[in-house]
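To start, the structure itself, in C-alpha cells.
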Amino acid sequence: MAVVVALAFVFLVMVPAPSLVRALSSNYYDHKCPHLESIVASAVKKAMSNDKTVPAALLRMHFHDCFIRGCDASVLLNSKGKNKAEKDGPPNISLHGFYVIDEAKKALETSCPGVVSCADILALAARDAVFLSGGPTWDVPKGRKDGRISLATETRQLPAPTFNISQLQQNFAQRGLTIEDLVALSGGHTLGFSHCSSFQNRIHKFNATVDVDPTMQPSFAAKLRSVCPAHNKAKNAGSPLDSSNLVFDNAYYKLLLQGKSIFSSDQALLTTPKTKALVSKFASSQEAFEKAFVTSMIKMSSLSGGQEIRLDCRVVR
C-alpha cells in the first residue's frame, strides 16, 4: 500500500481485523527445513539480478498480504471461476514478482516437501528484499499458515494513497499497529515507483480553489505535472517514490520535509505533532528509522492468518 507502492489502501471494514495471536518462532524450521533462508534469499537475489524493481514489489506484496486476513499468503492465490482473488482487486492489479515466491516454493518442495508455508516464504522474501537493497536485516519469526480465502472485494480495506491522518491511524489501529508503526512502515516508500493515478489528486484539480496541493514544493509539483498531464494516456507514466528508489534509506523522510512527497497519505504524516516529530527523527537518523522499521515489520508480519501449508502458492486444493 501504483506499481510498487509499499502501502496503497482504501478504508472499509469487511472482516474481523487480523490479530497478533499465533506464536511464531525464529527457529521454527531449524530441524524441519534448515536451508529455508538460503533458498529464499537465492530466489530473491536471482530475480533482482534481472529486475531491479523486485525488492519494492516483494515488500509491497507482503504489506498487502498482511493487511487483509493477516499474513496468510492469500494475496498469492489466483482467481477461480466467478471468485476474484485479492491480486485482482483494484489496489493490487499492479502487484508483480509473484514468480519469485513460486521459484522459492518450488525449490523448497524439493528440499523439504510440504513443510514451509507460502506466508513464511513471502515474509522472508520481503526481509531479504530490504536487506539486499542496502537496508537492515532481522530474524523473521516463522510458523505462519496459509489461508484458503482470497476476495478482491476485501482489498477495499487497504489504506489508500489519498488517506488523511485520521483514516491512516484508524486503519492501522484496527490491526493492532500504532502511530509509530504507521510512520515507520510508511518508510517502505523508500523503494519503488507509483503510477500517475495514485497521486493525480495532488497535481490536478486539488480543490475548488487551487490546481496543485499547496504543500508540494512548486518545482517538484511542476515536474510531476509534466510527467503526468491532466489527461495522461501513457500507461506506465509515473514517478519514483523517492530520489534513491532502488536503495533502502531514509531519503523518503527527508524529501517529505522538503515538500517532495508523492502521496497525500505521505503528506498526512506531517499533519499532527507526533507523526511530524517521528518523520523528523527518521529524516535525521537512518539508524533510528531502521530500528523502528524492523520492530514494526516484525509486529506487522506476526498478524495471524491461515490454517494450512499450501503446496502450490497460487492454488487452494
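In the C-alpha cells, the first chain shown is A, the next is B, and so on; residue numbers restart at 1 for each chain, and ligands run from 1 in the order shown.
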Who sits within 12 Å of Thr178 in chain A, only C-alpha atoms, same chain under 4 positions skipped, as JSON, numbers by chain: {"A": [168, 169, 170, 171, 172, 173, 174, 182, 183, 184, 185, 274, 275, 292, 295, 296, 299, 300]}
I need the residues from that last selection saved to file as an mmCIF file, in the first residue's frame (with C-alpha atoms), if you can.
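Heads up, here's the output in part.cif:
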data_model
loop_
_atom_site.group_PDB
_atom_site.id
_atom_site.type_symbol
_atom_site.label_atom_id
_atom_site.label_comp_id
_atom_site.auth_asym_id
_atom_site.auth_seq_id
_atom_site.Cartn_x
_atom_site.Cartn_y
_atom_site.Cartn_z
ATOM 1 C CA LEU A 168 -4.498 6.069 8.389
ATOM 2 C CA GLN A 169 -4.434 5.882 12.174
ATOM 3 C CA GLN A 170 -7.777 4.079 12.291
ATOM 4 C CA ASN A 171 -6.753 1.630 9.584
ATOM 5 C CA PHE A 172 -3.518 0.723 11.367
ATOM 6 C CA ALA A 173 -5.115 0.625 14.830
ATOM 7 C CA GLN A 174 -7.598 -1.991 13.633
ATOM 8 C CA LEU A 182 2.410 3.856 10.760
ATOM 9 C CA VAL A 183 5.285 6.313 10.337
ATOM 10 C CA ALA A 184 7.989 3.637 10.336
ATOM 11 C CA LEU A 185 6.226 1.358 7.849
ATOM 12 C CA LYS A 274 3.501 13.342 16.945
ATOM 13 C CA THR A 275 3.751 11.981 13.413
ATOM 14 C CA ALA A 292 11.820 1.362 14.173
ATOM 15 C CA THR A 295 10.339 -3.512 15.066
ATOM 16 C CA SER A 296 7.213 -2.579 13.115
ATOM 17 C CA LYS A 299 4.931 -6.739 14.532
ATOM 18 C CA MET A 300 3.001 -6.414 11.275
#
Can you list, as an NGL selection string, every residue of range 89-205 of chain A that DSSP puts in alpha helix (DSSP H)? :A and (98-111 or 118-131 or 165-173 or 179-186 or 200-203)
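If only C-alpha atoms are the atoms counted, then among A:Ile149, A:Val247, A:Pro214, A:Leu278 the closest residue to Ser79 in chain A is A:Ile149.
Minimum atom-to-atom distances from A:Leu132, A:Val316, A:Ala222, A:Val75 to Ala56 in chain A were compared using only C-alpha atoms, and the lowest value belongs to A:Leu132.
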With only C-alpha atoms as the counted atoms, please give the residues lying no more than 9 Å from Pro90 in chain A, apart from itself and same-chain residues fewer than 6 positions off, as number ranges by chain. A: 152-153, 155-156
Contacts of Glu103 in chain A at 9 Å (only C-alpha atoms; same-chain gap of 5+ positions) as a VMD selection string: chain A and resid 40 43 98 108
May I have the residues from that selection written out with C-alpha atoms, as a compact mmCIF listing (two decimals), in the first residue's frame?
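What ended up in again-v6.txt:
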# COMPACT_ATOMS: atom_id res chain seq x y z
CA VAL A 40 14.55 -17.94 -0.32
CA ALA A 43 15.48 -16.78 -5.30
CA PHE A 98 4.80 -13.49 -7.77
CA LEU A 108 11.65 -25.81 -1.01
Considering only C-alpha atoms, give me a table of residues in range 256-317 of chain A that are at most 9 Å from range 198-201 of chain A, with the closest atom pair and distance in Å for each, as a Markdown table.
| residue | atom | partner | partner_atom | distance |
| --- | --- | --- | --- | --- |
| A:Ile262 | CA | A:Phe199 | CA | 6.3 |
| A:Phe263 | CA | A:Phe199 | CA | 5.4 |
| A:Ser264 | CA | A:Phe199 | CA | 7.2 |
Selection export as a CSV table (one decimal), in the first residue's frame, atoms kept: N, CA, C and O atoms:
chain,number,residue,atom,x,y,z
A,262,ILE,N,5.1,12.0,-2.6
A,262,ILE,CA,4.3,11.6,-3.7
A,262,ILE,C,2.8,11.6,-3.4
A,262,ILE,O,1.9,12.2,-4.1
A,263,PHE,N,2.5,10.9,-2.3
A,263,PHE,CA,1.1,10.7,-2.0
A,263,PHE,C,0.5,11.6,-0.9
A,263,PHE,O,1.2,12.1,-0.1
A,264,SER,N,-0.8,11.8,-1.0
A,264,SER,CA,-1.5,12.5,0.1
A,264,SER,C,-1.3,11.9,1.4
A,264,SER,O,-1.1,12.5,2.5
Show which residues sit within 12 Å of Pro218 in chain A, as number ranges by chain. Count only C-alpha atoms, and ignore same-chain residues fewer than 4 positions away. A: 202-203, 211-214, 222-225, 258-261
With distances taken over only C-alpha atoms, which residue among A:Ala47, A:Leu269, A:Ala85, A:Leu303 lies nearest Asp120 in chain A? A:Leu303
Do you have the CA of Ser265 in chain A-CA of Asn164 in chain A distance handy? 5.9 Å
Taking the backbone alone, and naming residues the way the document does, which bits of range 26-250 of chain A are strand (DSSP E) by DSSP, as JSON, numbers by chain? {"A": [193, 194, 195, 238, 239, 240]}
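The environment of Leu36 in chain A within 9 Å, counting only C-alpha atoms and disregarding residues fewer than 4 places along the same chain, consists of A:Tyr29, A:Asp30, A:Val40, A:Ala41, A:Ala104, A:Leu108, A:Ser111, A:Cys112, A:Val116, A:Ile121.
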